[in-house]
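Engineer: Sharing my_file-v3.cif here; it has mmCIF, C-alpha atoms.
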data_upload
#
loop_
_atom_site.label_atom_id
_atom_site.label_comp_id
_atom_site.auth_asym_id
_atom_site.auth_seq_id
_atom_site.Cartn_x
_atom_site.Cartn_y
_atom_site.Cartn_z
CA MET A 163 113.31 103.15 58.78
CA LYS A 164 109.82 101.98 59.69
CA ASP A 165 110.51 102.48 63.40
CA PHE A 166 112.01 105.90 62.69
CA CYS A 167 108.90 107.01 60.75
CA LYS A 168 106.61 105.66 63.45
CA LYS A 169 108.51 107.50 66.19
CA TYR A 170 109.37 110.77 64.46
CA GLY A 171 106.97 110.92 61.49
CA ILE A 172 104.42 113.16 63.21
CA TYR A 173 107.15 115.61 64.25
CA ILE A 174 108.44 115.75 60.68
CA PHE A 175 104.87 116.43 59.57
CA PHE A 176 104.53 119.27 62.09
CA ALA A 177 107.86 120.69 60.91
CA ILE A 178 106.65 120.70 57.30
CA CYS A 179 103.41 122.41 58.35
CA PHE A 180 105.43 124.99 60.28
CA ILE A 181 107.56 125.79 57.23
CA ILE A 182 104.43 126.18 55.08
CA CYS A 183 102.81 128.51 57.63
CA LEU A 184 106.05 130.46 58.03
CA PHE A 185 106.14 130.98 54.26
CA ARG A 186 102.49 132.09 54.35
CA ALA A 187 103.28 134.64 57.10
CA PHE A 188 105.32 136.68 54.62
CA LYS A 189 102.53 136.78 52.04
CA GLY A 190 99.59 139.16 51.75
CA PHE A 191 98.34 141.99 53.91
CA CYS A 192 94.89 142.99 55.15
CA TRP A 193 94.60 146.78 54.90
CA THR A 194 91.56 146.94 57.18
CA ASP A 195 91.24 144.50 60.07
CA GLU A 196 94.85 143.41 60.59
CA SER A 197 96.26 146.93 60.69
CA PHE A 198 93.36 148.09 62.86
CA TYR A 199 94.08 145.55 65.63
CA PHE A 200 97.61 146.80 66.17
CA SER A 201 96.87 150.46 65.61
CA THR A 202 94.51 150.16 68.60
CA THR A 203 97.27 148.47 70.59
CA ASP A 204 99.57 151.32 69.61
CA ARG A 205 97.04 153.85 70.90
CA PHE A 206 96.89 152.10 74.27
CA PHE A 207 100.68 151.96 74.29
CA ARG A 208 100.79 155.74 73.79
CA GLY A 209 98.41 156.35 76.69
CA ASP A 210 94.86 156.28 75.33
CA ALA A 211 92.36 154.85 77.82
CA LEU A 212 90.38 151.76 76.90
CA LEU A 213 86.58 152.11 76.82
CA LYS A 214 86.76 155.86 77.42
CA GLU A 215 88.78 156.79 74.30
CA GLU A 216 88.12 153.65 72.25
CA TRP A 217 84.61 152.35 71.61
CA TYR A 218 85.28 149.28 69.49
CA ARG A 219 83.62 146.27 71.15
CA THR A 220 86.53 143.86 70.88
CA GLN A 221 89.19 146.33 72.00
CA LEU A 222 90.21 144.11 74.93
CA SER A 223 92.13 141.87 72.52
CA SER A 224 94.35 144.88 71.87
CA VAL A 225 94.97 145.12 75.62
CA PHE A 226 96.16 141.49 75.55
CA CYS A 227 98.55 142.39 72.70
CA LEU A 228 99.89 145.41 74.60
CA PRO A 229 102.72 143.66 76.56
CA PHE A 230 103.97 141.95 73.38
CA TYR A 231 103.79 145.23 71.47
CA ALA A 232 105.64 147.11 74.23
CA LEU A 233 108.37 144.45 74.32
CA TYR A 234 108.82 144.67 70.54
CA VAL A 235 109.09 148.48 70.59
CA LEU A 236 111.48 148.30 73.55
CA ILE A 237 113.81 145.93 71.69
CA THR A 238 113.61 147.43 68.18
CA GLY A 239 113.00 151.09 69.04
CA SER A 240 110.01 151.41 66.69
CA SER A 241 106.89 149.64 65.47
CA ALA A 242 108.32 148.86 62.02
CA GLY A 243 107.70 145.20 61.26
CA VAL A 244 105.19 144.72 64.07
CA VAL A 245 102.59 143.12 61.79
CA LEU A 246 105.02 140.36 60.81
CA TYR A 247 106.05 140.02 64.46
CA PHE A 248 102.46 139.29 65.52
CA ARG A 249 102.11 136.79 62.68
CA PHE A 250 105.10 134.93 64.12
CA LEU A 251 103.54 135.04 67.59
CA TYR A 252 100.29 133.66 66.19
CA LEU A 253 102.24 130.87 64.52
CA ILE A 254 103.67 129.90 67.91
CA LEU A 255 100.22 130.05 69.52
CA SER A 256 98.47 127.97 66.84
CA PHE A 257 101.16 125.27 66.92
CA THR A 258 101.02 125.19 70.71
CA VAL A 259 97.27 124.58 70.60
CA ALA A 260 97.63 122.06 67.77
CA TYR A 261 100.37 120.06 69.49
CA THR A 262 98.45 120.10 72.77
CA ALA A 263 95.39 118.75 70.96
CA TYR A 264 97.50 116.04 69.32
CA ARG A 265 99.07 114.92 72.61
CA ILE A 266 95.76 114.86 74.49
CA PHE A 267 93.68 113.07 71.86
CA THR A 268 96.31 110.41 71.19
CA LYS A 269 95.92 109.31 74.81
CA GLY A 270 92.54 107.80 74.04
CA TYR A 271 92.25 107.70 70.25
CA PRO A 272 94.40 106.59 67.29
CA TRP A 273 97.19 109.02 66.43
CA GLN A 274 95.48 109.82 63.12
CA VAL A 275 92.60 111.48 65.03
CA GLY A 276 94.98 113.77 66.89
CA ALA A 277 96.90 114.54 63.69
CA ILE A 278 93.75 115.53 61.77
CA ILE A 279 92.53 117.79 64.59
CA ALA A 280 95.97 119.39 64.90
CA THR A 281 96.14 120.00 61.14
CA LEU A 282 92.76 121.76 61.13
CA ILE A 283 93.90 124.01 63.98
CA ILE A 284 97.18 124.84 62.24
CA PHE A 285 95.77 125.83 58.87
CA TYR A 286 92.50 127.47 59.85
CA ALA A 287 92.45 131.26 60.15
CA HIS A 288 89.27 133.35 60.12
CA LEU A 289 89.30 135.68 57.08
CA ASN A 290 92.76 134.20 56.42
CA ILE A 291 94.26 136.64 58.94
CA THR A 292 97.01 134.58 60.57
CA SER A 293 97.69 136.97 63.39
CA PHE A 294 96.49 138.04 66.83
CA SER A 295 92.99 138.99 65.69
CA TYR A 296 90.30 139.01 68.37
CA TYR A 297 88.64 136.14 66.54
CA MET A 298 91.62 133.80 66.43
CA LEU A 299 92.76 134.67 69.95
CA SER A 300 89.33 133.87 71.34
CA MET A 301 89.01 130.62 69.41
CA ASP A 302 92.54 129.33 70.10
CA PHE A 303 92.37 130.20 73.80
CA LEU A 304 88.93 128.62 74.13
CA LEU A 305 90.10 125.43 72.42
CA LEU A 306 93.22 125.26 74.57
CA SER A 307 91.31 125.78 77.82
CA MET A 308 88.73 123.11 76.88
CA LEU A 309 91.54 120.70 75.96
CA LEU A 310 93.14 121.13 79.37
CA ILE A 311 89.82 120.62 81.16
CA TYR A 312 89.22 117.50 79.07
CA ASP A 313 92.71 116.20 79.90
CA TYR A 314 92.08 116.61 83.64
CA LYS A 315 90.31 113.24 83.61
CA ASN A 316 93.60 111.67 82.45
CA THR A 317 96.03 113.49 84.73
CA GLY A 318 94.02 114.60 87.78
CA LYS A 319 96.33 117.61 88.02
CA VAL A 320 94.66 120.67 89.56
CA ALA A 321 97.24 122.86 87.80
CA GLU A 322 95.59 121.97 84.49
CA LEU A 323 92.23 123.31 85.70
CA VAL A 324 93.75 126.54 87.03
CA THR A 325 95.69 127.02 83.79
CA ALA A 326 92.53 126.31 81.80
CA GLY A 327 90.72 128.99 83.79
CA CYS A 328 93.46 131.54 83.11
CA ILE A 329 93.39 130.76 79.40
CA PHE A 330 89.59 130.86 79.25
CA ALA A 331 89.69 134.35 80.81
CA LEU A 332 91.96 135.42 77.95
CA SER A 333 89.44 133.98 75.49
CA VAL A 334 86.66 136.08 77.04
CA MET A 335 88.98 139.07 76.98
CA ALA A 336 89.38 138.66 73.22
CA MET A 337 85.66 137.98 72.64
CA PRO A 338 83.62 139.43 75.57
CA ALA A 339 80.40 137.88 74.25
CA LEU A 340 81.76 134.49 75.40
CA VAL A 341 80.89 135.43 78.97
CA VAL A 342 77.27 134.62 78.07
CA GLY A 343 78.27 131.07 77.18
CA PHE A 344 80.27 130.76 80.40
CA ILE A 345 77.27 131.81 82.50
CA ALA A 346 75.07 129.33 80.63
CA VAL A 347 77.51 126.47 81.35
CA ILE A 348 77.73 127.42 85.04
CA LEU A 349 73.91 127.42 85.29
CA VAL A 350 73.74 123.97 83.67
CA LEU A 351 76.38 122.58 86.03
CA ALA A 352 74.60 124.14 89.03
CA ALA A 353 71.39 122.44 87.90
CA VAL A 354 73.23 119.10 87.63
CA LEU A 355 74.57 119.49 91.19
CA LEU A 356 71.09 120.29 92.52
CA ILE A 357 69.62 117.26 90.73
CA MET A 358 72.35 115.04 92.20
CA LYS A 359 71.53 116.34 95.67
CA PHE A 360 67.75 116.09 95.62
CA VAL A 361 66.96 113.45 92.98
CA LYS A 362 67.73 109.76 93.25
CA LEU A 363 69.56 109.00 90.04
CA PRO A 364 70.41 105.56 88.64
CA GLU A 365 73.85 104.39 89.70
CA SER A 366 75.01 104.34 86.07
CA ILE A 367 74.41 108.11 85.92
CA ARG A 368 75.31 109.13 89.45
CA LYS A 369 78.68 107.36 89.60
CA PRO A 370 80.28 109.13 86.57
CA LEU A 371 78.97 112.47 87.85
CA GLU A 372 80.46 111.90 91.29
CA GLU A 373 83.76 110.81 89.77
CA ALA A 374 83.82 114.02 87.73
CA ASP A 375 83.80 116.02 90.98
CA ILE A 376 82.04 118.91 89.21
CA LEU A 377 82.03 121.38 92.10
CA LYS A 378 85.74 121.04 92.86
CA SER A 379 86.67 121.24 89.18
CA CYS A 380 84.56 124.36 88.66
CA LEU A 381 86.07 126.10 91.66
CA TRP A 382 89.62 125.50 90.43
CA VAL A 383 88.73 126.76 86.96
CA ILE A 384 87.08 129.87 88.44
CA LEU A 385 90.20 130.47 90.52
CA GLY A 386 92.21 130.43 87.32
CA ILE A 387 89.78 132.86 85.68
CA CYS A 388 90.20 135.29 88.56
CA ILE A 389 93.99 135.61 88.11
CA PRO A 390 94.03 137.42 84.71
CA ALA A 391 90.72 139.10 85.60
CA VAL A 392 92.27 140.81 88.63
CA ILE A 393 95.34 141.88 86.61
CA PHE A 394 93.10 143.30 83.90
CA LEU A 395 90.89 145.17 86.37
CA ILE A 396 93.94 146.74 88.02
CA TYR A 397 95.13 147.92 84.60
CA MET A 398 91.69 149.13 83.54
CA PHE A 399 90.96 151.18 86.65
CA SER A 400 94.41 152.72 86.46
CA LYS A 401 93.30 154.19 83.14
CA VAL A 402 89.58 154.87 83.55
CA SER A 403 87.03 155.26 86.35
CA ILE A 404 83.68 153.50 86.74
CA SER A 405 81.81 156.74 86.02
CA GLU A 406 83.80 157.20 82.79
CA ILE A 407 83.01 153.63 81.71
CA ILE A 408 79.27 154.19 82.32
CA GLU A 409 79.47 157.45 80.39
CA ALA A 410 81.13 155.68 77.44
CA LEU A 411 78.69 152.73 77.32
CA PRO A 412 76.18 154.37 74.92
CA GLY A 413 78.98 154.88 72.39
CA ILE A 414 80.32 151.34 72.87
CA MET A 415 76.89 149.79 72.35
CA VAL A 416 76.36 151.65 69.06
CA ASP A 417 78.32 150.21 66.14
CA ASN A 418 77.29 151.64 62.80
CA GLU A 419 79.78 149.48 60.90
CA HIS A 420 78.34 146.19 62.18
CA ASP A 421 74.58 146.25 62.50
CA PHE A 422 73.91 143.06 64.44
CA THR A 423 73.23 141.88 67.98
CA TYR A 424 75.48 140.16 70.51
CA GLY A 425 73.40 137.04 69.89
CA TYR A 426 74.64 137.06 66.32
CA LEU A 427 78.25 137.38 67.50
CA ILE A 428 77.87 134.38 69.81
CA ARG A 429 76.20 132.24 67.13
CA LYS A 430 78.81 133.24 64.56
CA PHE A 431 81.68 132.30 66.88
CA PHE A 432 80.46 128.77 67.63
CA ARG A 433 79.29 128.25 64.05
CA ALA A 434 82.83 129.07 62.89
CA ILE A 435 84.30 126.47 65.28
CA LYS A 436 81.86 123.86 64.00
CA ARG A 437 82.70 124.59 60.37
CA CYS A 438 86.43 124.69 61.13
CA THR A 439 86.36 121.20 62.68
CA ALA A 440 84.29 119.98 59.74
CA GLY A 441 86.80 121.44 57.30
CA GLY A 442 84.23 123.72 55.66
CA PRO A 443 84.38 127.43 54.74
CA ILE A 444 83.45 130.14 57.24
#
Take the structure from the file and write it as structure tokens.
Structural biologist:
Amino acid sequence: MKDFCKKYGIYIFFAICFIICLFRAFKGFCWTDESFYFSTTDRFFRGDALLKEEWYRTQLSSVFCLPFYALYVLITGSSAGVVLYFRFLYLILSFTVAYTAYRIFTKGYPWQVGAIIATLIIFYAHLNITSFSYYMLSMDFLLLSMLLIYDYKNTGKVAELVTAGCIFALSVMAMPALVVGFIAVILVLAAVLLIMKFVKLPESIRKPLEEADILKSCLWVILGICIPAVIFLIYMFSKVSISEIIEALPGIMVDNEHDFTYGYLIRKFFRAIKRCTAGGPI
């Protein structure tokens, strides 16, 4: 029995968590945000053009939901039940991220560390909306991409970096303000590469940096980012022209419902991640 619990205990725990979250999926309804996300997806499905005919700043998350929405309507013939459908999809996504975190962290830490991290990922949901909200999509995709980049040091598989890049692009798609953080990281890494080239560093610092192979890793991640970016651009320019996007920008930049800056959005996003990992309220 002891060996059984040691081998299968964590999977039983995940199964129990899944049942709890599945039960939660049938409870409650947000009349504002949750319905808004998928009504925007429905508009795109019916032919409305993003940016030109929709000015909400995080509308790109609805573009991500569009293929899933179209598949649901194709199979069922209507949008009835689509909110519950996206809750089920979110459940799959959150458990995928949680299990990935568990597997990666147990490679170098006690299993309890991986289990705690996975549990926090499973049960956290911003505003308690357990669905494909722009907030949860951006956070889960960002976490998953960072986990894969972190795991590259264990596996050395380039496919992990390319996949991480693809997933990070989806995170930016859900929360466009994240592109600022990406640029900041690239600038920091570029500075590190320049320092390595022109400054004589102690061997204890230079050796780990060389082993990290920063330039090669960055290029593979950027390649991954380009894949969904190209697909998105093809879709976008099939719906709207550059001149129409420029014309719509003044309306997109004005948001009377949320009177704050992009800096606030960026700070709020990373503050939420910090509080989530600490187990505190958002």
Engineer: List, as a ChimeraX atom specification, every residue that the PyMOL selection byres ((chain A and resi 290) around 12) selects in the file provided.
Structural biologist: /A:183,186-187,189-192,195-196,249,284-289,291-295,297-298,443-444
Engineer: Of the candidates A:Lys169, A:Lys214, A:Lys378, A:Arg205, which shows the shortest atom-to-atom distance to Gly413 (chain A), using only C-alpha atoms?
Structural biologist: A:Lys214
Engineer: Rank nothing, just name the residue among A:Ile384, A:Cys179, A:Ala353, A:Ile237 nearest to Ile329 (chain A), using only C-alpha atoms.
Structural biologist: A:Ile384
Engineer: Can you pull out the residues contacting Pro338 (chain A)? Cut-off 9 Å, using all atoms listed in the file, and skip same-chain residues under 6 positions away; I want them as a list in words.
Structural biologist: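 Listed by chain and then number, they are Arg219, Thr220 and Leu222 of chain A.
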Engineer: Could you tell me how far CA of Tyr314 (chain A) sits from CA of Tyr264 (chain A), in Å to one decimal place?
Structural biologist: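 Taking CA of Tyr264 (chain A) as the start and CA of Tyr314 (chain A) as the end point, the length is 15.3 Å.
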Engineer: What is the distance, in Å and to one decimal place, between CA of Tyr296 (chain A) and CA of Val320 (chain A)?
Structural biologist: 28.4 Å
Engineer: Take the PyMOL selection byres ((chain A and resi 299) around 10), run it mentally on this structure, and tell me the resulting residues as a PDB file with C-alpha atoms, in the coordinates of the input.
Structural biologist:
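Writing done, so here's result36.pdb:
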ATOM      1  CA  SER A 223      92.130 141.870  72.520  1.00  0.00           C
ATOM      2  CA  PHE A 226      96.160 141.490  75.550  1.00  0.00           C
ATOM      3  CA  TYR A 252     100.290 133.660  66.190  1.00  0.00           C
ATOM      4  CA  LEU A 255     100.220 130.050  69.520  1.00  0.00           C
ATOM      5  CA  SER A 256      98.470 127.970  66.840  1.00  0.00           C
ATOM      6  CA  SER A 293      97.690 136.970  63.390  1.00  0.00           C
ATOM      7  CA  PHE A 294      96.490 138.040  66.830  1.00  0.00           C
ATOM      8  CA  SER A 295      92.990 138.990  65.690  1.00  0.00           C
ATOM      9  CA  TYR A 296      90.300 139.010  68.370  1.00  0.00           C
ATOM     10  CA  TYR A 297      88.640 136.140  66.540  1.00  0.00           C
ATOM     11  CA  MET A 298      91.620 133.800  66.430  1.00  0.00           C
ATOM     12  CA  SER A 300      89.330 133.870  71.340  1.00  0.00           C
ATOM     13  CA  MET A 301      89.010 130.620  69.410  1.00  0.00           C
ATOM     14  CA  ASP A 302      92.540 129.330  70.100  1.00  0.00           C
ATOM     15  CA  PHE A 303      92.370 130.200  73.800  1.00  0.00           C
ATOM     16  CA  LEU A 304      88.930 128.620  74.130  1.00  0.00           C
ATOM     17  CA  LEU A 305      90.100 125.430  72.420  1.00  0.00           C
ATOM     18  CA  LEU A 332      91.960 135.420  77.950  1.00  0.00           C
ATOM     19  CA  SER A 333      89.440 133.980  75.490  1.00  0.00           C
ATOM     20  CA  VAL A 334      86.660 136.080  77.040  1.00  0.00           C
ATOM     21  CA  MET A 335      88.980 139.070  76.980  1.00  0.00           C
ATOM     22  CA  ALA A 336      89.380 138.660  73.220  1.00  0.00           C
ATOM     23  CA  MET A 337      85.660 137.980  72.640  1.00  0.00           C
TER      24      MET A 337
END
Engineer: Would you mind reading off the distance between CA of Leu411 (chain A) and CA of Leu212 (chain A), one decimal, in Å?
Structural biologist: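 Answer for the CA of Leu411 (chain A) to CA of Leu212 (chain A) separation: 11.7 Å.
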Engineer: Hey, what comes out of the PyMOL selection byres ((chain A and resi 266) around 12) on this file? Could you write it as number ranges by chain?
Structural biologist: A: 259-265, 267-273, 275-277, 279-280, 306, 308-317
Engineer: Please determine, counting only C-alpha atoms, which residue among A:Leu395, A:Leu246, A:Ile181, A:Val347 has the shortest atom-to-atom distance to Phe200 (chain A).
Structural biologist: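 The closest residue to Phe200 (chain A) is A:Leu246.
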Engineer: Of the candidates A:Leu228, A:Ala326, A:Ile387, A:Val354, which shows the shortest atom-to-atom distance to Ile367 (chain A), using all atoms listed in the file?
Structural biologist: A:Val354
Engineer: Given the choices A:Glu409, A:Ser403, A:Gly318, A:Thr203, which gets closest to Asp375 (chain A) if the distance is worked out from only C-alpha atoms?
Structural biologist: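 Among the listed residues, A:Gly318 lies closest to Asp375 (chain A).
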Engineer: Smallest atom-to-atom distance to Lys401 (chain A): which of A:Tyr199, A:Tyr247, A:Tyr170, A:Phe206, using only C-alpha atoms?
Structural biologist: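 Comparing A:Tyr199, A:Tyr247, A:Tyr170, A:Phe206 against Lys401 (chain A), the winner is A:Phe206.
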Engineer: Anything within 7 Å of (92.9, 125.6, 84.7): list those residues as a PyMOL selection string, counting only C-alpha atoms and sticking to the file's coordinates.
Structural biologist: chain A and resi 310-311+321-328+382-383+386
